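Chemist: Dumping the structure here so I can ask a few things about it.
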Amino acid sequence: MIETDGLSKRYGLRRAVDGLSLAVAPGSVFGFLGPNGAGKTTTIRMLLGLVRPSGGSGRIFGHDIVRERAAFLPRVGAIVEAPAFYLFMTARNNLRVLARTAGLREPARIAEVLALVGLAERADEPVRAFSLGMKQRLALAAALLGRPELLFLDEPTNGLDPAGTVEMRDLIRRLGAEGHTIFLSSHMLHEVEQICTDVAIVRHGRLVAQGTVGALLANSAALLVEAEPLPLLAAVAERMGLAAAPAGPRSMSVQAGPELAPRLISALVHAGASVFQVTPQRRTLKERFLELTED
Amino acid sequence: MLNLLRAELLKTHVRPLGWMLFGLSAIVPTLFMLLSRAVAGEAPVGPVSWTSGVFLGPRFIGQLFGGLMLIVFGAGVAGVEYSYDTWKNLLTRHSSRPALIAAKWCAMLLCVAGAVAALGALSLVAALALGLVDPGLPASPGALALLGGLAVQTIALTIYGGVALLGAVAWRSSVAGIIAGFVWLVADSLLATIVQTPAWLRAALFIVAESDLYRHLGLVPEAPLRPAAASAAALAVYLGAPLLAATLIFGRRDIAGAG
């Protein structure tokens with residue numbers, strides 16, 4: 001559905017995106033993660049043709065993102081960064097402008113998407129009077145206007161209150177379940193972990209990890225080992241080729257999956273250590289994200 | 001293209017700026033003419049006749065004021081997308097950047113034509129009313145001259161608006177468009193009045209005086225008529241060059257966003 005090969009963007013000497021190669025499968029809810037300034041929005045802008053790549057290539061639905069935009073744009077909906085609308089116009093008229101720009105001939109669809117995001121009753125109010133959360137919902141309505149197969153959502157929960165965030169998460173999940181492919185850039189890692197099937201993590205414009213959420217977290221599995229003496233625990237872990245880090249007064253976190261627990265316990269006992277407890281730890285996406293993106 | 005034009009017209013129709021400028025264009029020249037009649041005791045007469053349209057009044061009103069209105073309007077037509085960061089919405093829904101700019105320009109042309117026609121009708125009504133109380137007013141021009149005058153005004157004002165639109169695209173802001181348009185208007189007026197350059201050079205330098213437009217269309221009886229081909233070429237440059245330049249600049253630009 002989306003493929004990029006060495007996609008790059010330079011601004012002067014600064015590389016905003018550096019040789020990014022992504023693959024997004026049809027029907028997936030793809031989380032695109034990275035710290036501020038990692039190149040997420042620039043990547044989305046390149047994919048949508050707002051920004052011209054400095055190098056590499058990209059394809060959406062098999063069409064080149066620079067030369068064949070007309071072929072894929074009608075099948076794509078997008079929220080790019082903060083929601084932007086003509087503040088002097090009503091929500092309905094804003095959507096009318098966008099529908100006409102896209103060449104859509106389905107006036108009833110405007111009322112439909114407004115109802116879908118819960119703005120039907122505010123449709124004829126100027127957007128100037130809308131809160132950020134309402135603008136965010138209007139942006140989603142705009143993205144859904146053309147019944148897109150692929151949705152780019154760049155921080156769609158920004159500015160939403162907790163109830164709005166849950167509502168948006170449910171809506172995205174529902175759209176994913178309906179078969180839309182969703183490319184979701186977000187800082188809400190807990191949300192991403194709950195919604196997304198696949199993730200990619202970028203740092204300084206480079207891809208540092210990509211895969212299913214399960215695989216990404218499985219690779220980061222650890223065992224919390226409570227044992228004494230700790231230096232002996234560290235030595236045994238090192239002998240087994242496992243990374244270990246202190247996690248408490250008499251415990252260490254050992255980078256190993258649960259399948260290695262019996263071997264580790266046996267080695268510790270054999271070495272003369274007292275083992276009190278071994279607990280498999282499943283890291284959260286947030287922990288994995290911080291591990292991969294911290295300097 | 002038709003859908004893009006409809007989208008632009010909806011924006012222009014709803015935006016208060018256009019109506020405000022239209023109101024000013026109706027009120028200020030009318031007041032100016034009435035005041036100058038009251039003070040000077042004679043009707044200000046334009047190149048054709050002021051009865052053929054407010055914009056066809058005295059040079060100050062017809063050219064400078066109308067030009068300024070159109071500079072603000074033209075800059076706003078493109079600048080609105082920078083002000084609200086909405087280019088990203090349009091460009092993710094339509095793949096052709098030249099078509100988006102062309103739609104803006106065409107919408108501006110249609111609005112100018114509509115406004116000039118409405119103001120022309122308004123001033124014709126005012127002239128008829130004044131003619132009842134003052135038979136000494138200059139006679140209204142014939143229908144053909146009136147239509148010609150309105151067409152000239154539309155072309156001249158679209159040129160001003162086009163330059164401002166180009167400025168807004170080049171410097172990504174309405175204010176920059178207004179400044180660019182104003183600088184061009186001043187430079188154009190100065191050069192047209194001070195520097196006596198041959199017509200072909202003025203066209204090449206993209207300098208236009210409105211009186212030239214009148215001459216090009218044969219509406220200034222005392223001025224020698226230029227050859228039709230030269231006039232057409234000059235007008236094509238005046239109208240087309242800003243549009244072409246805006247399209248080229250916009251086509252190469254990254255839409256980097258407000259952040």
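Residue names in the structure tokens use chain letters A, B, ... in the order shown, residue numbers from 1 in each chain, and ligand numbers from 1 in the order shown.
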Got a sec to pull out which chain A residues are within 6 Å of chain B, counting only C-alpha atoms, and send them as a list in words?

Modeler: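 Residues passing the distance filter: Leu50, Val51, Arg69, Ala70, Ala84, Val97, Arg100, Thr101, Ala102 and Gly103 of chain A.
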
Chemist: Could you turn the residues from that selection into a file that holds N, CA, C and O atoms, as a PDB file, in the first residue's frame?

Modeler:
```pdb
ATOM      1  N   LEU A  50       3.275  17.354  -0.577  1.00  0.00           N
ATOM      2  CA  LEU A  50       3.386  18.751  -0.131  1.00  0.00           C
ATOM      3  C   LEU A  50       4.835  19.197  -0.154  1.00  0.00           C
ATOM      4  O   LEU A  50       5.133  20.382  -0.295  1.00  0.00           O
ATOM      5  N   VAL A  51       5.722  18.239   0.034  1.00  0.00           N
ATOM      6  CA  VAL A  51       7.156  18.525   0.074  1.00  0.00           C
ATOM      7  C   VAL A  51       7.834  17.579  -0.906  1.00  0.00           C
ATOM      8  O   VAL A  51       7.491  16.404  -0.982  1.00  0.00           O
ATOM      9  N   ARG A  69       0.622  11.552  -8.553  1.00  0.00           N
ATOM     10  CA  ARG A  69      -0.231  11.913  -7.407  1.00  0.00           C
ATOM     11  C   ARG A  69      -1.714  11.829  -7.768  1.00  0.00           C
ATOM     12  O   ARG A  69      -2.535  11.441  -6.948  1.00  0.00           O
ATOM     13  N   ALA A  70      -2.018  12.217  -9.002  1.00  0.00           N
ATOM     14  CA  ALA A  70      -3.436  12.221  -9.398  1.00  0.00           C
ATOM     15  C   ALA A  70      -4.038  10.822  -9.298  1.00  0.00           C
ATOM     16  O   ALA A  70      -5.247  10.681  -9.077  1.00  0.00           O
ATOM     17  N   ALA A  84      -6.472  22.754   9.978  1.00  0.00           N
ATOM     18  CA  ALA A  84      -6.447  24.101   9.384  1.00  0.00           C
ATOM     19  C   ALA A  84      -7.715  24.306   8.573  1.00  0.00           C
ATOM     20  O   ALA A  84      -8.024  23.498   7.685  1.00  0.00           O
ATOM     21  N   VAL A  97     -15.976  23.426   0.296  1.00  0.00           N
ATOM     22  CA  VAL A  97     -14.791  23.851  -0.464  1.00  0.00           C
ATOM     23  C   VAL A  97     -13.892  22.635  -0.746  1.00  0.00           C
ATOM     24  O   VAL A  97     -13.428  22.436  -1.875  1.00  0.00           O
ATOM     25  N   ARG A 100     -15.467  20.270  -3.305  1.00  0.00           N
ATOM     26  CA  ARG A 100     -15.358  20.795  -4.674  1.00  0.00           C
ATOM     27  C   ARG A 100     -13.927  20.681  -5.174  1.00  0.00           C
ATOM     28  O   ARG A 100     -13.696  20.360  -6.341  1.00  0.00           O
ATOM     29  N   THR A 101     -12.972  20.973  -4.288  1.00  0.00           N
ATOM     30  CA  THR A 101     -11.566  20.879  -4.696  1.00  0.00           C
ATOM     31  C   THR A 101     -11.219  19.450  -5.118  1.00  0.00           C
ATOM     32  O   THR A 101     -10.470  19.239  -6.073  1.00  0.00           O
ATOM     33  N   ALA A 102     -11.796  18.493  -4.405  1.00  0.00           N
ATOM     34  CA  ALA A 102     -11.510  17.091  -4.720  1.00  0.00           C
ATOM     35  C   ALA A 102     -12.373  16.589  -5.878  1.00  0.00           C
ATOM     36  O   ALA A 102     -12.189  15.454  -6.343  1.00  0.00           O
ATOM     37  N   GLY A 103     -13.319  17.412  -6.330  1.00  0.00           N
ATOM     38  CA  GLY A 103     -14.186  16.999  -7.434  1.00  0.00           C
ATOM     39  C   GLY A 103     -15.237  15.989  -7.006  1.00  0.00           C
ATOM     40  O   GLY A 103     -15.713  15.203  -7.824  1.00  0.00           O
TER      41      GLY A 103
END
```

Chemist: Skipping near chain neighbours, those fewer than 2 positions away, what residues fall within 9 Å of Glu193 (chain A) using only C-alpha atoms, listed as number ranges by chain?

Modeler: A: 31, 188-191, 195-197, 199, 213, 284-286

Chemist: So the first atom is CA of Leu235 (chain B) and the second is CA of Gly74 (chain B); what is the distance between them in Å, to one decimal place?

Modeler: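 Atom-to-atom, CA of Leu235 (chain B) to CA of Gly74 (chain B), that is 18.2 Å.
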
Chemist: Quick one: residues within 10 Å of region 171-176 of chain A, only C-alpha atoms, excluding same-chain residues fewer than 2 positions away - as an mmCIF file with N, CA and C atoms, in the first residue's frame?

Modeler:
```
data_model
loop_
_atom_site.group_PDB
_atom_site.id
_atom_site.type_symbol
_atom_site.label_atom_id
_atom_site.label_comp_id
_atom_site.auth_asym_id
_atom_site.auth_seq_id
_atom_site.Cartn_x
_atom_site.Cartn_y
_atom_site.Cartn_z
ATOM 1 N N GLY A 27 -4.662 -2.684 4.849
ATOM 2 C CA GLY A 27 -5.510 -3.106 5.966
ATOM 3 C C GLY A 27 -4.858 -2.959 7.329
ATOM 4 N N SER A 28 -3.615 -2.520 7.356
ATOM 5 C CA SER A 28 -2.957 -2.393 8.666
ATOM 6 C C SER A 28 -3.238 -1.026 9.287
ATOM 7 N N VAL A 29 -3.128 -0.987 10.596
ATOM 8 C CA VAL A 29 -3.144 0.299 11.296
ATOM 9 C C VAL A 29 -1.699 0.504 11.727
ATOM 10 N N PHE A 30 -1.042 1.416 11.021
ATOM 11 C CA PHE A 30 0.402 1.542 11.108
ATOM 12 C C PHE A 30 0.775 2.734 11.981
ATOM 13 N N LEU A 116 -20.905 11.710 11.605
ATOM 14 C CA LEU A 116 -19.984 10.660 12.054
ATOM 15 C C LEU A 116 -19.034 11.154 13.154
ATOM 16 N N VAL A 117 -18.612 12.428 13.055
ATOM 17 C CA VAL A 117 -17.683 12.951 14.057
ATOM 18 C C VAL A 117 -18.403 13.782 15.130
ATOM 19 N N LEU A 140 -10.977 15.290 10.837
ATOM 20 C CA LEU A 140 -11.217 13.876 10.545
ATOM 21 C C LEU A 140 -12.384 13.739 9.565
ATOM 22 N N LEU A 144 -12.324 12.062 5.813
ATOM 23 C CA LEU A 144 -13.191 10.937 5.434
ATOM 24 C C LEU A 144 -14.139 11.261 4.276
ATOM 25 N N GLU A 149 -9.441 4.924 1.059
ATOM 26 C CA GLU A 149 -8.994 3.585 1.465
ATOM 27 C C GLU A 149 -7.818 3.709 2.421
ATOM 28 N N LEU A 150 -7.086 4.808 2.273
ATOM 29 C CA LEU A 150 -5.885 5.026 3.091
ATOM 30 C C LEU A 150 -6.010 6.375 3.812
ATOM 31 N N LEU A 151 -5.786 6.330 5.109
ATOM 32 C CA LEU A 151 -5.893 7.554 5.912
ATOM 33 C C LEU A 151 -4.550 7.882 6.549
ATOM 34 N N LEU A 153 -3.100 10.061 9.433
ATOM 35 C CA LEU A 153 -3.541 10.833 10.596
ATOM 36 C C LEU A 153 -2.309 11.263 11.380
ATOM 37 N N PRO A 156 -3.729 12.900 15.546
ATOM 38 C CA PRO A 156 -5.165 13.219 15.514
ATOM 39 C C PRO A 156 -5.768 13.476 16.889
ATOM 40 N N THR A 165 -10.302 11.848 23.325
ATOM 41 C CA THR A 165 -9.217 10.949 22.930
ATOM 42 C C THR A 165 -9.738 9.515 22.812
ATOM 43 N N VAL A 166 -10.525 9.115 23.784
ATOM 44 C CA VAL A 166 -11.084 7.753 23.750
ATOM 45 C C VAL A 166 -12.004 7.606 22.544
ATOM 46 N N GLU A 167 -12.801 8.665 22.297
ATOM 47 C CA GLU A 167 -13.727 8.648 21.156
ATOM 48 C C GLU A 167 -12.949 8.503 19.839
ATOM 49 N N MET A 168 -11.875 9.313 19.726
ATOM 50 C CA MET A 168 -11.050 9.275 18.509
ATOM 51 C C MET A 168 -10.404 7.900 18.357
ATOM 52 N N ARG A 169 -9.904 7.358 19.468
ATOM 53 C CA ARG A 169 -9.261 6.040 19.421
ATOM 54 C C ARG A 169 -10.261 4.987 18.939
ATOM 55 N N GLU A 178 -12.994 -1.621 9.656
ATOM 56 C CA GLU A 178 -13.782 -1.562 8.409
ATOM 57 C C GLU A 178 -12.910 -1.779 7.177
ATOM 58 N N GLY A 179 -11.618 -1.907 7.384
ATOM 59 C CA GLY A 179 -10.733 -2.212 6.261
ATOM 60 C C GLY A 179 -9.893 -1.051 5.761
ATOM 61 N N HIS A 180 -10.030 0.126 6.386
ATOM 62 C CA HIS A 180 -9.181 1.246 5.982
ATOM 63 C C HIS A 180 -7.748 0.939 6.401
ATOM 64 N N THR A 181 -6.818 1.356 5.587
ATOM 65 C CA THR A 181 -5.420 1.323 6.014
ATOM 66 C C THR A 181 -5.140 2.668 6.671
ATOM 67 N N ILE A 182 -4.551 2.626 7.850
ATOM 68 C CA ILE A 182 -4.346 3.881 8.576
ATOM 69 C C ILE A 182 -2.868 4.068 8.907
ATOM 70 N N LEU A 184 -0.748 6.224 11.139
ATOM 71 C CA LEU A 184 -1.016 7.062 12.310
ATOM 72 C C LEU A 184 0.282 7.533 12.953
ATOM 73 N N GLN A 194 -2.491 0.223 21.711
ATOM 74 C CA GLN A 194 -3.811 -0.387 21.730
ATOM 75 C C GLN A 194 -4.427 -0.496 20.344
ATOM 76 N N ILE A 195 -4.117 0.484 19.497
ATOM 77 C CA ILE A 195 -4.797 0.554 18.195
ATOM 78 C C ILE A 195 -4.030 -0.154 17.081
ATOM 79 N N CYS A 196 -2.703 0.030 17.084
ATOM 80 C CA CYS A 196 -1.935 -0.309 15.879
ATOM 81 C C CYS A 196 -1.580 -1.793 15.781
ATOM 82 N N THR A 197 -1.525 -2.251 14.533
ATOM 83 C CA THR A 197 -1.072 -3.622 14.282
ATOM 84 C C THR A 197 0.434 -3.619 14.005
#
```

Chemist: When DSSP is applied to the backbone of this structure, which of region 103-263 of chain A are assigned strand (DSSP E or B)? Write them out as a PyMOL selection string.

Modeler: chain A and resi 126+150-154+181-185+198-203+206-212+222-228+244-248+251-254

Chemist: Which one is closest to Val186 (chain B): B:Gly79, B:Gly18, B:Gly23, B:Gly67? Count only C-alpha atoms.

Modeler: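 Using only C-alpha atoms, Val186 (chain B) sits closest to B:Gly67.
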
Chemist: Quick one: residues within 12 Å of Arg67 (chain A), only C-alpha atoms counted, chain neighbours fewer than 5 positions away excluded, as a ChimeraX atom specification?

Modeler: /A:47-49,52-53,57-60,62,72-73 /B:95-96

Chemist: Could you build a table of the residues in region 148-257 of chain A lying no more than 12 Å from region 5-12 of chain A, giving for each the nearest pair of atoms and their separation in Å rounded to one decimal place, using only C-alpha atoms, ordered by chain and ascending residue number, as CSV?

Modeler:
```
residue,atom,partner,partner_atom,distance
A:His204,CA,A:Ser8,CA,11.6
A:Gly205,CA,A:Ser8,CA,8.2
A:Arg206,CA,A:Ser8,CA,9.3
A:Leu207,CA,A:Gly6,CA,10.1
```
